[in-house]
file my_file_19.txt (compact mmCIF, C-alpha atoms)
# COMPACT_ATOMS: atom_id res chain seq x y z
CA MET J 53 0.00 0.00 0.00
CA GLY J 54 3.05 2.18 0.42
CA SER J 55 3.52 2.94 -3.25
CA PRO J 56 1.14 5.40 -4.96
CA PRO J 57 0.15 3.15 -7.94
CA LEU J 58 -0.58 0.27 -5.61
CA PHE J 59 -2.69 2.48 -3.37
CA TYR J 60 -4.61 3.78 -6.36
CA LYS J 61 -5.40 0.28 -7.59
CA TRP J 62 -6.32 -0.99 -4.14
CA SER J 63 -8.49 2.00 -3.30
CA SER J 64 -10.45 1.69 -6.55
CA LYS J 65 -11.62 -1.70 -5.37
CA ILE J 66 -12.47 -0.65 -1.84
CA LEU J 67 -14.08 2.71 -2.66
CA PRO J 68 -17.61 1.52 -3.63
CA TRP J 69 -17.85 -0.62 -0.48
CA LEU J 70 -16.53 2.13 1.73
CA SER J 71 -19.04 4.61 0.26
CA ILE J 72 -22.01 2.32 0.82
CA VAL J 73 -21.04 1.23 4.34
CA SER J 74 -20.11 4.70 5.60
CA ILE J 75 -23.21 6.46 4.23
CA LEU J 76 -25.41 3.62 5.53
CA ILE J 77 -24.01 3.62 9.08
CA LEU J 78 -23.96 7.43 9.21
CA GLY J 79 -27.56 7.50 7.97
CA VAL J 80 -28.75 4.90 10.49
CA GLY J 81 -26.96 6.66 13.37
CA LEU J 82 -28.28 10.12 12.54
CA TYR J 83 -31.82 8.91 11.82
CA TRP J 84 -31.89 6.93 15.06
CA GLY J 85 -30.52 9.88 17.00
CA MET J 86 -32.79 12.48 15.44
CA PHE J 87 -36.09 10.58 15.40
CA TYR J 88 -36.00 7.55 17.71
CA ALA J 89 -33.78 8.47 20.64
CA PRO J 90 -35.80 9.74 23.62
CA THR J 91 -36.06 13.42 24.51
CA ASP J 92 -33.78 14.71 27.27
CA TYR J 93 -35.44 15.39 30.64
CA LYS J 94 -33.89 18.83 30.93
CA GLN J 95 -32.99 20.12 27.49
CA GLY J 96 -35.81 18.70 25.44
CA ASP J 97 -35.04 18.11 21.78
CA VAL J 98 -32.17 20.59 21.61
CA TYR J 99 -29.81 17.93 22.96
CA ARG J 100 -30.11 16.01 19.65
CA ILE J 101 -27.48 18.30 18.19
CA LEU J 102 -24.94 16.23 20.14
CA PHE J 103 -25.36 13.45 17.59
CA ILE J 104 -23.47 15.74 15.22
CA HIS J 105 -21.48 17.82 17.71
CA VAL J 106 -19.83 14.99 19.66
CA PRO J 107 -18.69 12.90 16.66
CA SER J 108 -17.31 15.98 14.87
CA ALA J 109 -15.39 17.04 17.97
CA ILE J 110 -14.00 13.51 18.37
CA LEU J 111 -13.03 13.43 14.69
CA GLY J 112 -11.44 16.87 14.82
CA GLN J 113 -9.07 15.60 17.51
CA SER J 114 -8.59 12.07 16.12
CA ILE J 115 -7.67 13.37 12.68
CA PHE J 116 -5.01 15.57 14.27
CA MET J 117 -3.51 12.55 16.02
CA PHE J 118 -3.69 10.64 12.76
CA MET J 119 -1.83 13.49 11.05
CA ALA J 120 0.86 13.51 13.72
CA ILE J 121 1.37 9.76 13.19
CA CYS J 122 1.58 10.35 9.42
CA GLY J 123 4.08 13.11 10.18
CA PHE J 124 6.19 10.74 12.23
CA ILE J 125 6.21 8.11 9.47
CA ASN J 126 6.90 10.77 6.87
CA MET J 127 9.89 12.14 8.72
CA ILE J 128 11.49 8.80 9.61
CA TRP J 129 10.79 6.55 6.64
CA ARG J 130 10.14 9.30 4.08
CA ALA J 131 7.28 7.27 2.62
CA LYS J 132 5.71 9.33 -0.17
CA ILE J 133 2.19 8.29 0.63
CA SER J 134 2.40 9.44 4.27
CA GLY J 135 3.07 13.02 3.16
CA MET J 136 0.14 12.92 0.74
CA MET J 137 -2.04 11.48 3.48
CA LEU J 138 -1.07 14.33 5.78
CA LYS J 139 -2.00 16.90 3.18
CA SER J 140 -5.30 15.18 2.33
CA ALA J 141 -6.39 14.81 5.95
CA ALA J 142 -5.85 18.44 6.99
CA PRO J 143 -8.89 20.08 5.33
CA ILE J 144 -11.16 17.25 6.56
CA GLY J 145 -9.95 17.68 10.13
CA ALA J 146 -10.39 21.44 9.91
CA SER J 147 -13.95 20.98 8.61
CA PHE J 148 -14.91 18.61 11.43
CA THR J 149 -13.43 20.98 14.03
CA LEU J 150 -15.34 23.89 12.54
CA LEU J 151 -18.51 21.79 12.49
CA ALA J 152 -18.00 21.00 16.19
CA LEU J 153 -17.55 24.71 16.98
CA VAL J 154 -20.60 25.78 14.97
CA THR J 155 -22.94 23.05 16.26
CA GLY J 156 -21.70 23.71 19.80
CA SER J 157 -22.49 27.37 19.36
CA ILE J 158 -25.99 26.64 18.07
CA TRP J 159 -26.56 24.33 21.06
CA GLY J 160 -25.06 26.88 23.47
CA LYS J 161 -27.52 29.66 22.66
CA PRO J 162 -30.69 27.89 23.88
CA THR J 163 -29.05 25.91 26.72
CA TRP J 164 -26.40 28.21 28.19
CA GLY J 165 -27.87 31.47 26.94
CA THR J 166 -24.86 32.50 24.86
CA TRP J 167 -23.35 31.67 21.47
CA TRP J 168 -19.78 31.81 22.69
CA VAL J 169 -17.86 32.07 25.91
CA TRP J 170 -14.06 32.15 26.31
CA ASP J 171 -13.81 29.13 28.55
CA ALA J 172 -10.91 26.68 28.35
CA ARG J 173 -12.66 23.97 26.30
CA LEU J 174 -14.03 26.33 23.67
CA THR J 175 -10.85 28.37 23.40
CA SER J 176 -8.57 25.32 23.09
CA THR J 177 -10.82 23.86 20.39
CA LEU J 178 -10.64 27.16 18.51
CA ILE J 179 -6.83 26.97 18.76
CA LEU J 180 -7.00 23.46 17.27
CA PHE J 181 -8.92 24.93 14.33
CA PHE J 182 -6.27 27.63 13.91
CA ILE J 183 -3.50 24.99 13.93
CA TYR J 184 -5.33 23.14 11.15
CA ALA J 185 -5.55 26.41 9.21
CA ALA J 186 -1.82 26.94 9.77
CA LEU J 187 -1.05 23.42 8.49
CA ILE J 188 -3.11 23.96 5.34
CA GLY J 189 -1.59 27.41 4.80
CA LEU J 190 1.96 26.20 5.38
CA HIS J 191 1.59 23.38 2.89
CA SER J 192 0.31 25.65 0.16
CA THR J 193 3.06 28.27 0.63
CA ILE J 194 5.91 25.84 -0.08
CA GLU J 195 6.29 25.11 -3.78
CA ASP J 196 8.27 21.87 -3.38
CA LYS J 197 5.72 19.27 -2.27
CA THR J 198 8.27 17.05 -0.50
CA LYS J 199 9.56 19.99 1.52
CA ALA J 200 5.99 21.12 2.21
CA ASP J 201 5.16 17.63 3.52
CA ARG J 202 8.12 17.74 5.89
CA ALA J 203 7.29 21.20 7.22
CA VAL J 204 3.70 20.12 7.86
CA SER J 205 4.93 16.88 9.48
CA ILE J 206 6.99 18.82 12.00
CA LEU J 207 4.17 21.29 12.71
CA SER J 208 1.67 18.49 13.25
CA ILE J 209 4.02 16.77 15.71
CA VAL J 210 4.55 20.06 17.57
CA GLY J 211 0.82 20.80 17.51
CA ILE J 212 -0.18 17.45 19.00
CA ALA J 213 0.38 18.94 22.48
CA ILE J 214 -2.96 20.78 22.12
CA ILE J 215 -4.91 17.49 22.16
CA PRO J 216 -4.37 16.58 25.86
CA VAL J 217 -5.10 20.21 26.76
CA ILE J 218 -8.48 20.07 24.98
CA LYS J 219 -9.25 16.69 26.50
CA LYS J 220 -8.38 17.70 30.08
CA SER J 221 -9.51 21.35 29.91
CA VAL J 222 -12.85 20.58 31.57
CA ASP J 223 -11.09 18.87 34.49
CA TRP J 224 -8.19 21.30 34.96
CA TRP J 225 -10.25 24.48 34.93
CA GLN J 226 -13.71 25.68 35.78
CA THR J 227 -15.47 25.91 32.45
CA LEU J 228 -18.97 26.50 31.18
CA HIS J 229 -18.66 23.39 29.03
CA GLN J 230 -19.76 20.28 30.91
CA PRO J 231 -17.23 17.57 31.83
CA SER J 232 -17.03 14.39 29.76
CA THR J 233 -20.09 12.15 29.79
CA PHE J 234 -17.98 9.16 28.80
CA THR J 235 -14.98 8.24 30.91
CA ILE J 236 -12.89 5.11 31.19
CA THR J 237 -13.29 4.89 34.95
CA SER J 238 -17.07 5.06 35.33
CA SER J 239 -20.19 4.07 33.43
CA PRO J 240 -21.51 6.77 31.07
CA SER J 241 -23.88 9.30 32.61
CA MET J 242 -26.20 8.98 29.66
CA SER J 243 -28.99 6.48 29.23
CA PRO J 244 -28.28 3.55 26.84
CA ASP J 245 -31.01 4.46 24.34
CA MET J 246 -29.13 7.75 23.84
CA TYR J 247 -25.53 6.55 23.72
CA GLN J 248 -26.25 3.63 21.41
CA PRO J 249 -27.22 5.90 18.46
CA LEU J 250 -24.36 8.22 19.46
CA LEU J 251 -21.90 5.34 19.19
CA ILE J 252 -23.28 4.46 15.74
CA CYS J 253 -22.88 8.12 14.74
CA VAL J 254 -19.25 8.14 15.92
CA ILE J 255 -18.48 4.97 13.93
CA GLY J 256 -20.32 6.48 10.94
CA PHE J 257 -18.26 9.67 11.19
CA TYR J 258 -15.00 7.68 11.32
CA LEU J 259 -16.00 5.71 8.23
CA PHE J 260 -17.10 8.89 6.50
CA PHE J 261 -13.67 10.35 7.27
CA ALA J 262 -12.04 7.24 5.77
CA LEU J 263 -14.14 7.76 2.65
CA LEU J 264 -13.30 11.47 2.34
CA LEU J 265 -9.62 10.75 2.99
CA THR J 266 -9.54 8.07 0.29
CA LEU J 267 -11.17 10.39 -2.24
CA ASN J 268 -8.82 13.27 -1.37
CA LEU J 269 -5.78 11.04 -1.38
CA ARG J 270 -6.60 9.58 -4.81
CA ASN J 271 -6.72 13.09 -6.25
CA GLU J 272 -3.49 14.01 -4.50
CA VAL J 273 -1.77 10.87 -5.84
CA LEU J 274 -2.86 11.61 -9.40
CA GLU J 275 -1.86 15.26 -9.12
CA ARG J 276 1.64 14.48 -7.88
CA GLU J 277 2.29 11.52 -10.15
CA LYS J 278 0.71 13.01 -13.26
CA ASN J 279 3.97 12.76 -15.19
CA LYS J 280 4.57 9.14 -14.22
CA ASN J 281 3.98 6.31 -16.65
CA TRP J 282 1.36 4.47 -14.62
CA VAL J 283 -0.93 7.49 -14.56
CA ARG J 284 -0.54 8.03 -18.30
CA GLN J 285 -1.31 4.39 -18.98
CA LEU J 286 -4.31 4.53 -16.66
CA PHE J 287 -5.87 7.38 -18.60
CA GLY J 288 -4.91 6.06 -22.02
CA GLY J 289 -2.20 8.61 -22.68
CA LEU J 290 1.08 7.91 -24.46
CA SER J 291 3.70 6.28 -22.30
CA MET L 99 16.25 0.44 11.91
CA ASN L 100 19.19 1.98 10.15
CA PRO L 101 21.30 4.65 11.92
CA ILE L 102 19.94 7.62 9.94
CA ARG L 103 16.34 6.70 10.71
CA LYS L 104 17.23 6.15 14.34
CA GLN L 105 18.75 9.62 14.43
CA ARG L 106 15.61 11.13 12.89
CA LEU L 107 13.49 9.26 15.41
CA TYR L 108 15.47 10.74 18.30
CA ALA L 109 15.21 14.22 16.82
CA LEU L 110 11.44 13.86 16.46
CA ILE L 111 11.01 12.55 19.97
CA ALA L 112 13.02 15.56 21.19
CA VAL L 113 10.67 17.87 19.23
CA LEU L 114 7.64 16.12 20.69
CA ILE L 115 8.91 16.28 24.26
CA GLY L 116 9.92 19.93 23.78
CA SER L 117 6.45 20.78 22.53
CA LEU L 118 4.75 18.92 25.38
CA VAL L 119 6.96 20.57 27.99
CA ALA L 120 6.36 24.02 26.48
CA THR L 121 2.61 23.45 26.48
CA TRP L 122 2.73 22.14 30.02
CA LEU L 123 4.61 25.27 31.12
CA VAL L 124 2.02 27.50 29.45
CA VAL L 125 -0.81 25.52 31.01
CA SER L 126 0.68 25.66 34.50
CA ALA L 127 1.49 29.37 34.13
CA LEU L 128 -2.11 30.07 33.10
CA SER L 129 -3.48 27.77 35.79
CA GLU L 130 -5.94 29.86 37.82
CA ASN L 131 -6.33 32.51 35.13
CA MET L 132 -7.99 30.05 32.78
CA ASN L 133 -10.88 29.52 35.16
CA LEU L 134 -14.05 30.95 33.70
CA PHE L 135 -15.53 32.02 37.03
CA TYR L 136 -14.88 32.40 40.76
CA SER L 137 -16.72 30.45 43.42
CA PRO L 138 -18.57 32.30 46.20
CA THR L 139 -15.77 31.29 48.60
CA GLU L 140 -13.11 32.86 46.39
CA ILE L 141 -15.18 36.02 46.02
CA LYS L 142 -15.69 36.31 49.77
CA ASP L 143 -11.94 36.55 50.37
CA ALA L 144 -11.21 38.67 47.32
CA LYS L 145 -10.91 42.45 47.25
CA VAL L 146 -12.81 43.49 44.16
CA ASP L 147 -14.00 47.04 43.51
CA GLU L 148 -17.51 47.82 42.32
CA VAL L 149 -16.64 48.59 38.72
CA THR L 150 -14.61 45.49 37.82
CA LEU L 151 -16.59 42.90 35.86
CA ILE L 152 -16.12 39.39 37.21
CA ARG L 153 -17.78 36.04 36.72
CA ALA L 154 -19.13 34.03 39.60
CA GLY L 155 -20.39 30.48 39.41
CA GLY L 156 -21.94 27.76 41.48
CA MET L 157 -25.22 26.01 42.12
CA VAL L 158 -28.50 27.87 42.50
CA LYS L 159 -29.67 27.30 46.06
CA GLU L 160 -33.00 25.60 46.62
CA ASP L 161 -35.93 27.95 47.36
CA SER L 162 -33.77 31.00 46.83
CA ILE L 163 -35.22 32.27 43.53
CA ILE L 164 -37.41 35.32 44.03
CA LYS L 165 -38.97 36.65 40.85
CA ASP L 166 -40.59 40.06 40.74
CA THR L 167 -44.05 39.71 39.24
CA ARG L 168 -44.09 43.13 37.51
CA THR L 169 -40.55 43.45 36.21
CA LEU L 170 -37.82 41.13 34.98
CA ASN L 171 -35.95 41.53 38.26
CA VAL L 172 -34.88 38.31 39.88
CA THR L 173 -32.90 37.53 42.99
CA PHE L 174 -31.31 34.19 43.75
CA THR L 175 -28.47 32.70 45.77
CA VAL L 176 -25.48 30.91 44.29
CA THR L 177 -23.68 28.47 46.53
CA ASP L 178 -20.61 26.25 46.46
CA TYR L 179 -21.93 24.48 49.58
CA GLN L 180 -19.51 26.47 51.75
CA ASN L 181 -20.43 30.07 51.09
CA ASP L 182 -23.37 31.82 49.46
CA LEU L 183 -23.56 34.78 47.15
CA GLU L 184 -26.74 36.78 46.56
CA ILE L 185 -27.31 37.69 42.91
CA ASN L 186 -29.54 40.46 41.55
CA TYR L 187 -30.37 40.31 37.88
CA GLU L 188 -32.68 42.05 35.48
CA GLY L 189 -33.34 40.27 32.23
CA ILE L 190 -34.36 37.00 30.65
CA LEU L 191 -33.03 33.82 32.21
CA PRO L 192 -31.85 30.90 30.04
CA ASP L 193 -34.15 27.85 29.75
CA LEU L 194 -31.94 25.61 31.85
CA PHE L 195 -31.84 28.03 34.78
CA ALA L 196 -33.26 26.16 37.78
CA GLU L 197 -32.76 25.35 41.43
CA ASN L 198 -29.89 22.95 42.09
CA ALA L 199 -28.49 23.58 38.62
CA GLY L 200 -25.16 25.14 37.74
CA VAL L 201 -25.02 28.79 36.77
CA VAL L 202 -22.39 31.33 35.73
CA VAL L 203 -23.11 35.05 36.20
CA ARG L 204 -21.15 38.09 35.01
CA GLY L 205 -21.33 41.43 36.77
CA ASN L 206 -20.04 43.51 39.67
CA LEU L 207 -19.63 42.75 43.33
CA LYS L 208 -21.37 45.47 45.34
CA LYS L 209 -20.07 46.89 48.65
CA ASP L 210 -22.84 45.18 50.62
CA GLY L 211 -21.62 41.77 49.39
CA THR L 212 -24.37 41.19 46.84
CA PHE L 213 -23.69 40.65 43.17
CA LYS L 214 -25.28 42.73 40.39
CA ALA L 215 -25.35 40.48 37.34
CA ILE L 216 -25.58 41.73 33.77
CA GLU L 217 -25.53 38.24 32.26
CA VAL L 218 -26.71 34.86 33.52
CA LEU L 219 -25.58 31.66 31.81
CA ALA L 220 -26.89 28.19 32.67
CA LYS L 221 -24.26 25.50 33.09
CA HIS L 222 -25.25 22.11 31.81
CA ASP L 223 -24.06 18.95 33.56
CA GLU L 224 -22.84 15.77 31.89
CA ASN L 225 -26.06 13.82 32.52
CA TYR L 226 -28.43 12.91 29.73
CA MET L 227 -31.56 10.84 30.21
CA PRO L 228 -35.16 10.58 29.08
CA PRO L 229 -37.82 12.24 31.31
CA GLU L 230 -39.15 8.88 32.54
CA VAL L 231 -35.73 7.86 33.84
CA ALA L 232 -35.26 11.25 35.52
CA LYS L 233 -38.61 10.77 37.25
CA LEU L 234 -37.62 7.31 38.50
CA ILE L 235 -34.33 8.64 39.89
CA ASN L 236 -36.14 11.44 41.71
CA GLU L 237 -38.57 8.96 43.25
CA ASP L 238 -35.69 6.85 44.49
CA LEU L 239 -34.15 9.75 46.36

call {"tool": "encode", "arguments": {"input": "my_file_19.txt", "output": "structure tokens"}}
result
Amino acid sequence: MGSPPLFYKWSSKILPWLSIVSILILGVGLYWGMFYAPTDYKQGDVYRILFIHVPSAILGQSIFMFMAICGFINMIWRAKISGMMLKSAAPIGASFTLLALVTGSIWGKPTWGTWWVWDARLTSTLILFFIYAALIGLHSTIEDKTKADRAVSILSIVGIAIIPVIKKSVDWWQTLHQPSTFTITSSPSMSPDMYQPLLICVIGFYLFFALLLTLNLRNEVLEREKNKNWVRQLFGGLS
Amino acid sequence: MNPIRKQRLYALIAVLIGSLVATWLVVSALSENMNLFYSPTEIKDAKVDEVTLIRAGGMVKEDSIIKDTRTLNVTFTVTDYQNDLEINYEGILPDLFAENAGVVVRGNLKKDGTFKAIEVLAKHDENYMPPEVAKLINEDL
């Protein structure tokens, strides 16, 4: 899978399946959450926004960790595909983080009484979004793609320190944002008929990310290898 | 692993540790300043003048909400179960504002020890459940 032509061939096979499965699971999760999950005793139906908010926030952070791992591989083994993966994942991670911020804001207005407050959780998540923007910007300023990949690799490894801060912000400081509902040490403080659809949504979001990443990466591979023989042969050009 | 890769690995680990240490230093330097609000106990000991805007937070004490029937004035007590703080507010309260629920208010501390709020935010807890379950839990108590 390490070489671009091999990835392209392999992903062509897996793409239809990935599309069907990810859209299906995402659809089931969201439909279940929006229409079948019970109403919250305190918030009413407004809480349903968490079926989008929570998975996007999880993805925003997971994708950053994924990028840091890609960065590590890219710097040590200099595998071409890891750099492309890094570049393809960045806009998706930024979008999920933005989606988490926007949905959180929409939820915040009716429940807290404000769109935005500068508490530790919200501010650190906004910083995460800015780091994503910096990664995307940095990559596009450097003409040489290999050098751009390396610069972004380093920045993503440096930036990874924000993730534990976001995660622990609600425990370290007094915030308006509520502490985590799901912890490793205790059972979730959410009833099962609410966290079951949420879990499906999270899995759906992960699969949807895999789908988006594959699509982005295929374009990136073609773009960078457009002068290579295998691409020319693939599109019927002269070799 | 060949020597060059090993060297790169060490360099990257150094970068990672450096970044984590730097972040940890920033976090510990910010420490108290990152708190969104002060508890009634902290406010009691603090010397704050009447014009400085501060945020106070805690739980709304049971049976402490007094709503004026003609105006939007409301008085309630915020507690951290050690000290209380009396809040005066004029305006619309958020939907989740209730007794025994978390609240964050922004305003000034008056000389007489009461708090004049210009903004009241409801703090949501991490519990989610359907109304029937909530009812069952309340009956158990």

call {"tool": "residues_around", "arguments": {"input": "my_file_19.txt", "residues": "Met136 of chain J", "least_positions_apart": "3", "cutoff": "7 Å", "atoms": "all atoms listed in the file", "output": "ChimeraX atom specification"}}
result
/J:132-133,139-140,269,272

call {"tool": "interface_residues", "arguments": {"input": "my_file_19.txt", "of": "chain J", "to": "chain L", "cutoff": "6 Å", "atoms": "all atoms listed in the file", "output": "list in words"}}
result
Pro90, Thr91, Asp92, Tyr93, Ile128, Thr163, Trp164, Gly165, Asp171, Val210, Ala213, Trp225, Gln226, Thr227, Leu228, Gln230, Pro231, Thr233, Ser241, Met242 and Ser243 of chain J

call {"tool": "closest_residue", "arguments": {"input": "my_file_19.txt", "among": "J:Asn281, J:Trp224, J:Met246, J:Arg270", "to": "Tyr88 of chain J", "atoms": "only C-alpha atoms"}}
result
J:Met246

call {"tool": "residues_around", "arguments": {"input": "my_file_19.txt", "residues": "Phe213 of chain L", "least_positions_apart": "3", "cutoff": "8 Å", "atoms": "all atoms listed in the file", "output": "PyMOL selection string"}}
result
chain L and resi 183-186+205-208

call {"tool": "write_last_selection", "arguments": {"input": "my_file_19.txt", "atoms": "C-alpha atoms", "output": "PDB file, keeping the file's coordinate frame"}}
result
ATOM      1  CA  LEU L 183     -23.560  34.780  47.150  1.00  0.00           C
ATOM      2  CA  GLU L 184     -26.740  36.780  46.560  1.00  0.00           C
ATOM      3  CA  ILE L 185     -27.310  37.690  42.910  1.00  0.00           C
ATOM      4  CA  ASN L 186     -29.540  40.460  41.550  1.00  0.00           C
ATOM      5  CA  GLY L 205     -21.330  41.430  36.770  1.00  0.00           C
ATOM      6  CA  ASN L 206     -20.040  43.510  39.670  1.00  0.00           C
ATOM      7  CA  LEU L 207     -19.630  42.750  43.330  1.00  0.00           C
ATOM      8  CA  LYS L 208     -21.370  45.470  45.340  1.00  0.00           C
TER       9      LYS L 208
END

call {"tool": "atom_distance", "arguments": {"input": "my_file_19.txt", "atom1": "atom CA of Pro138 of chain L", "atom2": "atom CA of Val158 of chain L"}}
result
11.5 Å

call {"tool": "axis_aligned_box", "arguments": {"input": "my_file_19.txt", "around": "segment 194-200 of chain J", "padding_each_side": "6 Å", "output": "JSON"}}
result
{"center_x": 7.6, "center_y": 21.4, "center_z": -0.8, "size_x": 15.8, "size_y": 20.8, "size_z": 18.0}

call {"tool": "atom_distance", "arguments": {"input": "my_file_19.txt", "atom1": "atom CA of Ile121 of chain J", "atom2": "atom CA of Ile206 of chain J"}}
result
10.7 Å

call {"tool": "build_atoms", "arguments": {"input": "my_file_19.txt", "residues": "segment 262-270 of chain J", "atoms": "all heavy atoms", "output": "compact mmCIF listing (two decimals), in the frame of the given file"}}
result
# COMPACT_ATOMS: atom_id res chain seq x y z
N ALA J 262 -12.84 8.16 6.59
CA ALA J 262 -12.04 7.24 5.77
C ALA J 262 -12.39 7.41 4.29
O ALA J 262 -11.51 7.43 3.43
CB ALA J 262 -12.28 5.80 6.21
N LEU J 263 -13.69 7.57 4.02
CA LEU J 263 -14.14 7.76 2.65
C LEU J 263 -13.60 9.07 2.06
O LEU J 263 -13.03 9.09 0.97
CB LEU J 263 -15.68 7.76 2.62
CG LEU J 263 -16.34 8.09 1.28
CD1 LEU J 263 -16.05 7.00 0.26
CD2 LEU J 263 -17.84 8.26 1.44
N LEU J 264 -13.77 10.16 2.82
CA LEU J 264 -13.30 11.47 2.34
C LEU J 264 -11.79 11.45 2.13
O LEU J 264 -11.28 11.98 1.14
CB LEU J 264 -13.66 12.57 3.34
CG LEU J 264 -15.14 12.91 3.50
CD1 LEU J 264 -15.31 13.98 4.55
CD2 LEU J 264 -15.74 13.38 2.18
N LEU J 265 -11.08 10.82 3.08
CA LEU J 265 -9.62 10.75 2.99
C LEU J 265 -9.20 9.99 1.74
O LEU J 265 -8.30 10.43 1.01
CB LEU J 265 -9.04 10.09 4.24
CG LEU J 265 -7.51 9.99 4.25
CD1 LEU J 265 -6.90 11.37 4.44
CD2 LEU J 265 -7.03 9.06 5.35
N THR J 266 -9.87 8.86 1.47
CA THR J 266 -9.54 8.07 0.29
C THR J 266 -9.75 8.88 -0.98
O THR J 266 -8.89 8.90 -1.87
CB THR J 266 -10.38 6.78 0.25
OG1 THR J 266 -10.31 6.15 1.52
CG2 THR J 266 -9.89 5.83 -0.82
N LEU J 267 -10.88 9.58 -1.05
CA LEU J 267 -11.17 10.39 -2.24
C LEU J 267 -10.12 11.49 -2.42
O LEU J 267 -9.58 11.68 -3.52
CB LEU J 267 -12.57 11.02 -2.12
CG LEU J 267 -13.75 10.05 -2.25
CD1 LEU J 267 -15.04 10.77 -1.88
CD2 LEU J 267 -13.83 9.47 -3.64
N ASN J 268 -9.82 12.20 -1.32
CA ASN J 268 -8.82 13.27 -1.37
C ASN J 268 -7.45 12.75 -1.77
O ASN J 268 -6.75 13.35 -2.57
CB ASN J 268 -8.70 13.92 0.01
CG ASN J 268 -9.49 15.20 0.11
OD1 ASN J 268 -10.18 15.57 -0.83
ND2 ASN J 268 -9.40 15.87 1.24
N LEU J 269 -7.11 11.61 -1.17
CA LEU J 269 -5.78 11.04 -1.38
C LEU J 269 -5.60 10.57 -2.82
O LEU J 269 -4.53 10.75 -3.41
CB LEU J 269 -5.59 9.87 -0.40
CG LEU J 269 -4.19 9.31 -0.23
CD1 LEU J 269 -3.20 10.41 0.10
CD2 LEU J 269 -4.17 8.27 0.88
N ARG J 270 -6.67 10.02 -3.40
CA ARG J 270 -6.60 9.58 -4.81
C ARG J 270 -6.31 10.77 -5.72
O ARG J 270 -5.50 10.68 -6.64
CB ARG J 270 -7.90 8.90 -5.21
CG ARG J 270 -8.01 7.46 -4.74
CD ARG J 270 -9.42 6.96 -4.79
NE ARG J 270 -9.96 6.90 -6.15
CZ ARG J 270 -9.78 5.86 -6.98
NH1 ARG J 270 -9.10 4.82 -6.57
NH2 ARG J 270 -10.29 5.86 -8.19
